[in-house]
>>> print(open('my_file_15.cif').read())   # mmCIF, C-alpha atoms
data_start
loop_
_atom_site.group_PDB
_atom_site.id
_atom_site.type_symbol
_atom_site.label_atom_id
_atom_site.label_comp_id
_atom_site.auth_asym_id
_atom_site.auth_seq_id
_atom_site.Cartn_x
_atom_site.Cartn_y
_atom_site.Cartn_z
ATOM 1 C CA MET A 1 41.508 61.542 81.795
ATOM 2 C CA SER A 2 44.772 62.777 80.288
ATOM 3 C CA PRO A 3 45.606 62.005 76.651
ATOM 4 C CA SER A 4 48.878 60.751 75.218
ATOM 5 C CA SER A 5 50.672 62.271 72.238
ATOM 6 C CA HIS A 6 51.861 60.039 69.393
ATOM 7 C CA TYR A 7 53.239 60.035 65.857
ATOM 8 C CA ALA A 8 52.572 57.606 63.031
ATOM 9 C CA THR A 9 53.791 57.416 59.445
ATOM 10 C CA CYS A 10 50.769 57.722 57.164
ATOM 11 C CA ALA A 11 50.958 58.097 53.374
ATOM 12 C CA GLY A 12 54.681 58.726 53.781
ATOM 13 C CA TYR A 13 54.308 61.569 56.308
ATOM 14 C CA GLU A 14 54.772 61.835 60.045
ATOM 15 C CA ILE A 15 51.291 62.473 61.396
ATOM 16 C CA HIS A 16 50.694 63.606 64.960
ATOM 17 C CA TYR A 17 47.643 62.515 66.925
ATOM 18 C CA MET A 18 46.308 62.702 70.465
ATOM 19 C CA ASP A 19 44.970 59.472 71.947
ATOM 20 C CA TRP A 20 42.303 59.641 74.659
ATOM 21 C CA GLY A 21 40.636 56.866 76.633
ATOM 22 C CA ALA A 22 41.199 53.132 77.053
ATOM 23 C CA PRO A 23 42.924 51.359 74.158
ATOM 24 C CA ASP A 24 40.273 48.615 74.051
ATOM 25 C CA ALA A 25 37.251 50.954 74.067
ATOM 26 C CA PRO A 26 35.100 51.627 70.986
ATOM 27 C CA VAL A 27 36.820 54.210 68.777
ATOM 28 C CA VAL A 28 35.780 57.725 67.817
ATOM 29 C CA ILE A 29 37.868 59.556 65.216
ATOM 30 C CA ALA A 30 37.631 63.303 65.921
ATOM 31 C CA TRP A 31 39.004 65.305 62.968
ATOM 32 C CA HIS A 32 39.527 69.068 63.039
ATOM 33 C CA GLY A 33 38.740 71.850 60.559
ATOM 34 C CA LEU A 34 40.673 73.398 57.687
ATOM 35 C CA ALA A 35 43.166 75.711 59.429
ATOM 36 C CA ARG A 36 43.030 74.083 62.848
ATOM 37 C CA THR A 37 44.629 71.203 64.763
ATOM 38 C CA GLY A 38 43.480 68.099 66.584
ATOM 39 C CA ARG A 39 43.775 69.934 69.887
ATOM 40 C CA ASP A 40 40.501 71.693 69.057
ATOM 41 C CA MET A 41 38.888 68.387 70.051
ATOM 42 C CA ASP A 42 40.287 68.381 73.602
ATOM 43 C CA GLU A 43 37.000 69.169 75.359
ATOM 44 C CA ILE A 44 34.781 66.730 73.472
ATOM 45 C CA ALA A 45 37.503 64.060 73.593
ATOM 46 C CA ALA A 46 37.900 64.448 77.354
ATOM 47 C CA HIS A 47 34.133 64.138 77.726
ATOM 48 C CA LEU A 48 33.958 60.960 75.641
ATOM 49 C CA ALA A 49 37.128 59.342 76.971
ATOM 50 C CA GLY A 50 35.360 57.523 79.795
ATOM 51 C CA ARG A 51 33.483 55.408 77.248
ATOM 52 C CA TYR A 52 35.473 55.658 74.003
ATOM 53 C CA ARG A 53 38.988 55.737 72.687
ATOM 54 C CA VAL A 54 39.157 59.084 70.894
ATOM 55 C CA ILE A 55 41.815 59.662 68.228
ATOM 56 C CA CYS A 56 42.421 63.317 67.277
ATOM 57 C CA PRO A 57 44.875 63.673 64.358
ATOM 58 C CA ASP A 58 46.618 66.740 62.995
ATOM 59 C CA THR A 59 46.074 66.699 59.229
ATOM 60 C CA VAL A 60 49.187 66.834 57.061
ATOM 61 C CA GLY A 61 50.284 70.488 56.943
ATOM 62 C CA ARG A 62 48.708 71.334 60.296
ATOM 63 C CA GLY A 63 49.842 71.336 63.894
ATOM 64 C CA LEU A 64 52.694 68.940 64.575
ATOM 65 C CA SER A 65 52.232 66.861 61.422
ATOM 66 C CA GLN A 66 54.615 67.179 58.482
ATOM 67 C CA TRP A 67 53.855 69.557 55.643
ATOM 68 C CA ALA A 68 53.046 68.214 52.177
ATOM 69 C CA ALA A 69 55.903 68.008 49.697
ATOM 70 C CA ARG A 70 53.439 68.170 46.781
ATOM 71 C CA PRO A 71 50.788 70.690 47.872
ATOM 72 C CA ASP A 72 48.689 70.604 44.715
ATOM 73 C CA GLU A 73 48.439 66.805 44.864
ATOM 74 C CA GLU A 74 48.272 66.203 48.591
ATOM 75 C CA TYR A 75 46.178 69.005 50.077
ATOM 76 C CA ARG A 76 42.883 67.442 49.006
ATOM 77 C CA LEU A 77 40.171 65.215 50.436
ATOM 78 C CA ALA A 78 41.254 62.065 48.599
ATOM 79 C CA PHE A 79 44.763 62.287 50.068
ATOM 80 C CA TYR A 80 43.395 63.040 53.522
ATOM 81 C CA ALA A 81 41.284 59.877 53.205
ATOM 82 C CA ARG A 82 44.495 57.980 52.408
ATOM 83 C CA LEU A 83 46.002 59.381 55.620
ATOM 84 C CA ALA A 84 42.953 58.162 57.517
ATOM 85 C CA GLY A 85 43.180 54.716 55.944
ATOM 86 C CA ASP A 86 46.805 54.385 56.972
ATOM 87 C CA LEU A 87 45.990 55.635 60.475
ATOM 88 C CA PHE A 88 43.327 52.937 60.840
ATOM 89 C CA GLU A 89 45.884 50.334 59.819
ATOM 90 C CA ARG A 90 48.696 51.655 62.023
ATOM 91 C CA LEU A 91 46.442 51.725 65.087
ATOM 92 C CA GLY A 92 44.642 48.472 64.349
ATOM 93 C CA ILE A 93 41.232 50.152 64.198
ATOM 94 C CA GLU A 94 38.596 47.895 62.652
ATOM 95 C CA ARG A 95 35.637 50.262 62.878
ATOM 96 C CA ALA A 96 35.033 53.727 64.321
ATOM 97 C CA HIS A 97 32.498 56.467 64.730
ATOM 98 C CA TRP A 98 33.598 59.681 62.985
ATOM 99 C CA LEU A 99 33.158 63.184 64.386
ATOM 100 C CA GLY A 100 34.418 65.865 62.015
ATOM 101 C CA THR A 101 34.393 69.644 62.227
ATOM 102 C CA SER A 102 34.177 71.425 58.866
ATOM 103 C CA MET A 103 36.956 69.891 56.726
ATOM 104 C CA GLY A 104 37.075 66.959 59.143
ATOM 105 C CA GLY A 105 33.452 66.232 58.329
ATOM 106 C CA ALA A 106 34.148 66.259 54.592
ATOM 107 C CA ILE A 107 37.045 63.853 55.105
ATOM 108 C CA GLY A 108 34.718 61.587 57.079
ATOM 109 C CA THR A 109 32.099 61.675 54.323
ATOM 110 C CA VAL A 110 34.684 60.665 51.724
ATOM 111 C CA CYS A 111 36.096 57.928 53.976
ATOM 112 C CA ALA A 112 32.676 56.495 54.814
ATOM 113 C CA ALA A 113 31.649 56.400 51.142
ATOM 114 C CA GLY A 114 34.663 54.231 50.333
ATOM 115 C CA ARG A 115 35.160 55.575 46.820
ATOM 116 C CA ALA A 116 38.496 57.354 47.313
ATOM 117 C CA GLU A 117 39.700 54.825 49.891
ATOM 118 C CA PRO A 118 37.928 51.477 49.334
ATOM 119 C CA ARG A 119 39.629 49.835 52.340
ATOM 120 C CA LEU A 120 37.548 52.107 54.610
ATOM 121 C CA ALA A 121 34.203 51.027 53.127
ATOM 122 C CA GLY A 122 32.016 49.678 55.923
ATOM 123 C CA ARG A 123 34.423 50.763 58.656
ATOM 124 C CA ILE A 124 32.811 54.096 59.593
ATOM 125 C CA ARG A 125 29.968 53.301 61.988
ATOM 126 C CA SER A 126 28.354 56.740 62.096
ATOM 127 C CA LEU A 127 29.170 60.229 60.881
ATOM 128 C CA LEU A 128 28.736 63.446 62.845
ATOM 129 C CA LEU A 129 29.227 66.521 60.642
ATOM 130 C CA ASN A 130 29.980 69.579 62.767
ATOM 131 C CA ASP A 131 28.863 72.454 60.525
ATOM 132 C CA ASN A 132 29.739 70.584 57.367
ATOM 133 C CA ALA A 133 27.600 69.440 54.459
ATOM 134 C CA PRO A 134 28.036 67.914 50.986
ATOM 135 C CA ARG A 135 27.807 71.397 49.487
ATOM 136 C CA LEU A 136 29.218 74.545 51.079
ATOM 137 C CA ALA A 137 28.251 78.152 50.421
ATOM 138 C CA ASP A 138 30.493 79.842 47.850
ATOM 139 C CA ALA A 139 30.671 83.179 49.689
ATOM 140 C CA ALA A 140 31.802 81.522 52.913
ATOM 141 C CA LEU A 141 34.397 79.441 51.076
ATOM 142 C CA ALA A 142 35.780 82.639 49.562
ATOM 143 C CA ARG A 143 36.011 84.198 53.033
ATOM 144 C CA ILE A 144 37.840 81.179 54.445
ATOM 145 C CA ARG A 145 40.170 81.011 51.470
ATOM 146 C CA ALA A 146 41.069 84.679 51.912
ATOM 147 C CA TYR A 147 42.111 84.489 55.568
ATOM 148 C CA ALA A 148 43.551 80.957 55.509
ATOM 149 C CA GLY A 149 45.800 81.537 52.518
ATOM 150 C CA GLN A 150 47.517 84.557 54.029
ATOM 151 C CA PRO A 151 47.881 83.886 57.759
ATOM 152 C CA PRO A 152 48.890 87.004 59.689
ATOM 153 C CA ALA A 153 51.962 87.263 61.885
ATOM 154 C CA PHE A 154 52.198 89.083 65.199
ATOM 155 C CA GLY A 155 54.932 90.153 67.547
ATOM 156 C CA THR A 156 53.346 88.493 70.578
ATOM 157 C CA VAL A 157 51.246 85.464 71.409
ATOM 158 C CA GLN A 158 48.684 87.732 73.076
ATOM 159 C CA GLU A 159 48.158 89.574 69.807
ATOM 160 C CA LEU A 160 47.662 86.256 68.025
ATOM 161 C CA GLU A 161 45.130 85.252 70.673
ATOM 162 C CA ALA A 162 43.199 88.464 70.046
ATOM 163 C CA PHE A 163 43.144 87.590 66.341
ATOM 164 C CA PHE A 164 41.878 84.086 67.058
ATOM 165 C CA ARG A 165 39.163 85.434 69.346
ATOM 166 C CA GLN A 166 37.932 87.616 66.501
ATOM 167 C CA VAL A 167 38.170 85.088 63.663
ATOM 168 C CA TYR A 168 36.748 82.193 65.667
ATOM 169 C CA ALA A 169 34.054 84.107 67.524
ATOM 170 C CA PRO A 170 31.450 81.977 65.648
ATOM 171 C CA TYR A 171 32.654 78.957 67.663
ATOM 172 C CA GLY A 172 30.454 80.234 70.469
ATOM 173 C CA TRP A 173 31.433 80.565 74.124
ATOM 174 C CA LEU A 174 34.972 79.601 75.163
ATOM 175 C CA SER A 175 36.492 80.274 78.563
ATOM 176 C CA ASP A 176 39.605 82.431 78.809
ATOM 177 C CA ALA A 177 41.613 79.282 79.529
ATOM 178 C CA GLN A 178 40.208 77.601 76.418
ATOM 179 C CA TRP A 179 41.090 80.584 74.236
ATOM 180 C CA ARG A 180 44.605 80.532 75.637
ATOM 181 C CA ARG A 181 44.974 76.814 74.987
ATOM 182 C CA LEU A 182 43.550 77.161 71.472
ATOM 183 C CA THR A 183 46.177 79.815 70.808
ATOM 184 C CA GLU A 184 49.116 78.006 72.344
ATOM 185 C CA THR A 185 48.321 74.732 70.558
ATOM 186 C CA SER A 186 48.090 76.382 67.140
ATOM 187 C CA THR A 187 51.013 78.798 67.169
ATOM 188 C CA ARG A 188 54.441 78.635 65.499
ATOM 189 C CA ARG A 189 57.281 81.134 65.375
ATOM 190 C CA LEU A 190 58.623 82.464 62.103
ATOM 191 C CA PRO A 191 62.362 82.930 61.446
ATOM 192 C CA ASP A 192 62.007 86.607 62.377
ATOM 193 C CA GLY A 193 60.572 85.690 65.773
ATOM 194 C CA ARG A 194 56.961 86.644 65.117
ATOM 195 C CA VAL A 195 54.131 84.161 65.737
ATOM 196 C CA THR A 196 51.596 82.874 63.222
ATOM 197 C CA PRO A 197 48.953 80.109 63.045
ATOM 198 C CA HIS A 198 50.478 76.637 62.973
ATOM 199 C CA TYR A 199 49.709 75.419 59.461
ATOM 200 C CA ASP A 200 51.152 75.421 55.965
ATOM 201 C CA PRO A 201 49.628 78.336 54.015
ATOM 202 C CA ALA A 202 49.917 76.223 50.864
ATOM 203 C CA MET A 203 47.069 74.017 52.127
ATOM 204 C CA VAL A 204 44.715 76.631 50.705
ATOM 205 C CA ARG A 205 45.701 75.455 47.210
ATOM 206 C CA GLN A 206 43.056 72.811 47.690
ATOM 207 C CA PHE A 207 40.547 75.439 46.600
ATOM 208 C CA THR A 208 42.345 76.276 43.359
ATOM 209 C CA ALA A 209 43.884 72.950 42.344
ATOM 210 C CA HIS A 210 40.675 71.083 43.242
ATOM 211 C CA GLU A 211 37.970 73.695 42.871
ATOM 212 C CA ASN A 212 35.020 71.407 43.682
ATOM 213 C CA ASP A 213 36.747 69.244 46.268
ATOM 214 C CA TYR A 214 34.093 70.017 48.883
ATOM 215 C CA LEU A 215 31.184 69.186 46.586
ATOM 216 C CA VAL A 216 30.707 65.626 47.801
ATOM 217 C CA TRP A 217 27.087 64.734 47.091
ATOM 218 C CA ASP A 218 28.191 61.586 45.225
ATOM 219 C CA ASP A 219 29.904 60.372 48.389
ATOM 220 C CA TYR A 220 27.072 61.440 50.677
ATOM 221 C CA ASP A 221 24.487 59.636 48.554
ATOM 222 C CA ARG A 222 26.310 56.336 49.074
ATOM 223 C CA LEU A 223 26.097 56.479 52.871
ATOM 224 C CA ALA A 224 23.970 53.922 54.690
ATOM 225 C CA ILE A 225 25.012 54.861 58.226
ATOM 226 C CA PRO A 226 23.580 57.323 60.765
ATOM 227 C CA VAL A 227 24.497 60.930 59.952
ATOM 228 C CA LEU A 228 24.015 63.952 62.194
ATOM 229 C CA CYS A 229 24.648 67.459 60.890
ATOM 230 C CA LEU A 230 25.160 69.965 63.687
ATOM 231 C CA ARG A 231 24.542 73.263 61.940
ATOM 232 C CA GLY A 232 25.645 76.426 63.690
ATOM 233 C CA ALA A 233 22.454 78.486 63.751
ATOM 234 C CA ASP A 234 24.357 81.491 62.376
ATOM 235 C CA SER A 235 26.536 79.531 59.949
ATOM 236 C CA ASP A 236 27.276 81.132 56.593
ATOM 237 C CA LEU A 237 28.958 77.953 55.326
ATOM 238 C CA VAL A 238 26.169 75.382 55.698
ATOM 239 C CA LEU A 239 22.918 76.784 54.350
ATOM 240 C CA ARG A 240 19.465 75.604 55.426
ATOM 241 C CA GLU A 241 18.571 74.735 51.840
ATOM 242 C CA THR A 242 21.517 72.336 51.847
ATOM 243 C CA THR A 243 20.544 70.657 55.105
ATOM 244 C CA ALA A 244 17.012 70.253 53.735
ATOM 245 C CA GLU A 245 18.476 68.478 50.727
ATOM 246 C CA MET A 246 20.557 66.263 53.037
ATOM 247 C CA LEU A 247 17.338 65.032 54.627
ATOM 248 C CA ALA A 248 15.818 64.213 51.246
ATOM 249 C CA ARG A 249 18.607 62.170 49.652
ATOM 250 C CA GLY A 250 21.269 59.605 50.489
ATOM 251 C CA PRO A 251 21.092 58.612 54.166
ATOM 252 C CA GLY A 252 18.296 61.161 54.612
ATOM 253 C CA ALA A 253 16.091 59.255 52.174
ATOM 254 C CA ARG A 254 16.976 56.081 54.094
ATOM 255 C CA GLY A 255 15.804 57.568 57.385
ATOM 256 C CA LEU A 256 19.358 57.741 58.731
ATOM 257 C CA ALA A 257 20.110 61.473 58.675
ATOM 258 C CA GLN A 258 19.141 64.260 61.020
ATOM 259 C CA VAL A 259 19.972 67.954 61.345
ATOM 260 C CA VAL A 260 20.160 69.899 64.601
ATOM 261 C CA GLU A 261 20.761 73.642 64.738
ATOM 262 C CA VAL A 262 23.104 74.770 67.511
ATOM 263 C CA PRO A 263 22.133 78.186 68.910
ATOM 264 C CA GLY A 264 24.732 80.819 69.675
ATOM 265 C CA CYS A 265 27.210 79.484 67.107
ATOM 266 C CA GLY A 266 28.156 80.043 63.506
ATOM 267 C CA HIS A 267 30.962 78.121 61.844
ATOM 268 C CA ALA A 268 31.580 75.943 63.754
ATOM 269 C CA PRO A 269 30.324 74.943 67.232
ATOM 270 C CA ALA A 270 33.278 74.399 69.569
ATOM 271 C CA LEU A 271 31.763 71.225 71.105
ATOM 272 C CA ASN A 272 32.945 72.381 74.504
ATOM 273 C CA VAL A 273 29.826 72.859 76.656
ATOM 274 C CA PRO A 274 27.281 70.442 78.171
ATOM 275 C CA GLN A 275 24.632 71.235 75.562
ATOM 276 C CA HIS A 276 27.027 70.191 72.799
ATOM 277 C CA TYR A 277 28.141 67.097 74.695
ATOM 278 C CA ALA A 278 24.516 65.982 75.047
ATOM 279 C CA LEU A 279 23.959 66.160 71.281
ATOM 280 C CA VAL A 280 27.029 64.032 70.617
ATOM 281 C CA ASP A 281 26.178 61.539 73.370
ATOM 282 C CA ARG A 282 22.634 61.099 72.112
ATOM 283 C CA PHE A 283 23.746 60.542 68.533
ATOM 284 C CA LEU A 284 26.401 57.956 69.398
ATOM 285 C CA ALA A 285 24.086 56.109 71.768
ATOM 286 C CA ASP A 286 21.329 56.008 69.169
ATOM 287 C CA ALA A 287 23.698 54.746 66.457
ATOM 288 C CA GLU A 288 24.897 51.947 68.700
ATOM 289 C CA ALA A 289 21.348 51.072 69.811
ATOM 290 C CA ARG A 290 20.479 50.649 66.125
ATOM 291 C CA GLY A 291 23.323 48.221 65.632
ATOM 292 C CA PHE A 292 25.826 50.466 63.870
#
>>> encode(input="my_file_15.cif", output="structure tokens")
Amino acid sequence: MSPSSHYATCAGYEIHYMDWGAPDAPVVIAWHGLARTGRDMDEIAAHLAGRYRVICPDTVGRGLSQWAARPDEEYRLAFYARLAGDLFERLGIERAHWLGTSMGGAIGTVCAAGRAEPRLAGRIRSLLLNDNAPRLADAALARIRAYAGQPPAFGTVQELEAFFRQVYAPYGWLSDAQWRRLTETSTRRLPDGRVTPHYDPAMVRQFTAHENDYLVWDDYDRLAIPVLCLRGADSDLVLRETTAEMLARGPGARGLAQVVEVPGCGHAPALNVPQHYALVDRFLADAEARGF
């Protein structure tokens, strides 16, 4: 099933999103990672589109969405939750499952908790965290901050693809066609004609202006919905001690959380192969069978 491309004004910005599936189907919000775009969700969205309507936004400052005018105020989880709240309203979404990779998972946690955006309280049916947790490893955050804040530029798209293949090798297996699409959907040209990743480098200010923005235990502890953490088995961002704590508190203490390690991946599984699809399918089916 082919998606359609749309734009909506959210929190005062033009936000781009891809829309998969039937408009009257149950909704899944699929939100990408820090320096990525909603097109990373193409494979999992195409898989789910026969049963769900899958909405894949580009966060402000990424992909085809506008860049923030006030980076220190607007590149942060609370503002991203405001974007999500407006997107729900614009699209008439009452309730939705949330599938978030890395940053997208943190946004989902904040939205589901309803503290930063009270209008979303009770509207997230389940939360799938793709290599994301309420606390992230400091060393890995430093690594991400270093490469994301100073995106390289190359003379050719093929050189940029080679860079992406190196940096995102922890995603696991991607076909050559998928690597090419990942590159072409996250590339922009600079005034001098070189190509660079398609995001605003200022988005990395989130880590300096809001140093503990990704420490979201207070939000996680409020959750009373099914939560699945897919941890890349080789992830340096989500540590096993953290996933153990997730199972002991918040939704974990309520018997609603589970952790599955995904072999052959680090940060973060690409959700593009049958084994990944099966994990997502099982989680969504179980959440719905339990009345969420």
>>> axis_aligned_box(input="my_file_15.cif", around="range 26-37 of chain A", padding_each_side="6 Å", output="lines of an AutoDock Vina configuration file")
center_x = 39.9
center_y = 63.7
center_z = 64.3
size_x = 21.5
size_y = 36.1
size_z = 25.3
>>> resolve_selection(input="my_file_15.cif", expression="the PyMOL selection byres ((chain A and resi 77) around 8)", output="list in words")
Tyr75, Arg76, Ala78, Phe79, Tyr80, Ala81, Ala106, Ile107, Val110, Asp213 and Tyr214 of chain A
>>> closest_residue(input="my_file_15.cif", among="A:Leu256, A:Cys56, A:Val216, A:Leu127", to="Asp40 in chain A", atoms="only C-alpha atoms")
A:Cys56
>>> closest_residue(input="my_file_15.cif", among="A:Ala177, A:Leu230, A:Leu223, A:Ala142", to="Phe207 in chain A", atoms="all atoms listed in the file")
A:Ala142
>>> resolve_selection(input="my_file_15.cif", expression="the PyMOL selection byres ((chain A and resi 23) around 10)", output="JSON, numbers by chain")
{"A": [19, 20, 21, 22, 24, 25, 26, 27, 52, 53, 54, 91]}
>>> resolve_selection(input="my_file_15.cif", expression="the PyMOL selection byres ((chain A and resi 69) around 12)", output="compact mmCIF listing (two decimals) with C-alpha atoms, in the coordinates of the input")
# COMPACT_ATOMS: atom_id res chain seq x y z
CA ALA A 11 50.96 58.10 53.37
CA GLY A 12 54.68 58.73 53.78
CA TYR A 13 54.31 61.57 56.31
CA VAL A 60 49.19 66.83 57.06
CA GLY A 61 50.28 70.49 56.94
CA GLN A 66 54.62 67.18 58.48
CA TRP A 67 53.86 69.56 55.64
CA ALA A 68 53.05 68.21 52.18
CA ARG A 70 53.44 68.17 46.78
CA PRO A 71 50.79 70.69 47.87
CA ASP A 72 48.69 70.60 44.72
CA GLU A 73 48.44 66.81 44.86
CA GLU A 74 48.27 66.20 48.59
CA TYR A 75 46.18 69.00 50.08
CA ASP A 200 51.15 75.42 55.96
CA ALA A 202 49.92 76.22 50.86
CA MET A 203 47.07 74.02 52.13
>>> atom_distance(input="my_file_15.cif", atom1="CA of Glu211 in chain A", atom2="CA of Thr101 in chain A")
20.1 Å
>>> residues_around(input="my_file_15.cif", residues="Ile144 in chain A", least_positions_apart="5", cutoff="9 Å", atoms="all atoms listed in the file", output="PDB file with C-alpha atoms, keeping the file's coordinate frame")
ATOM      1  CA  LEU A  34      40.673  73.398  57.687  1.00  0.00           C
ATOM      2  CA  ALA A 139      30.671  83.179  49.689  1.00  0.00           C
ATOM      3  CA  GLY A 149      45.800  81.537  52.518  1.00  0.00           C
TER       4      GLY A 149
END
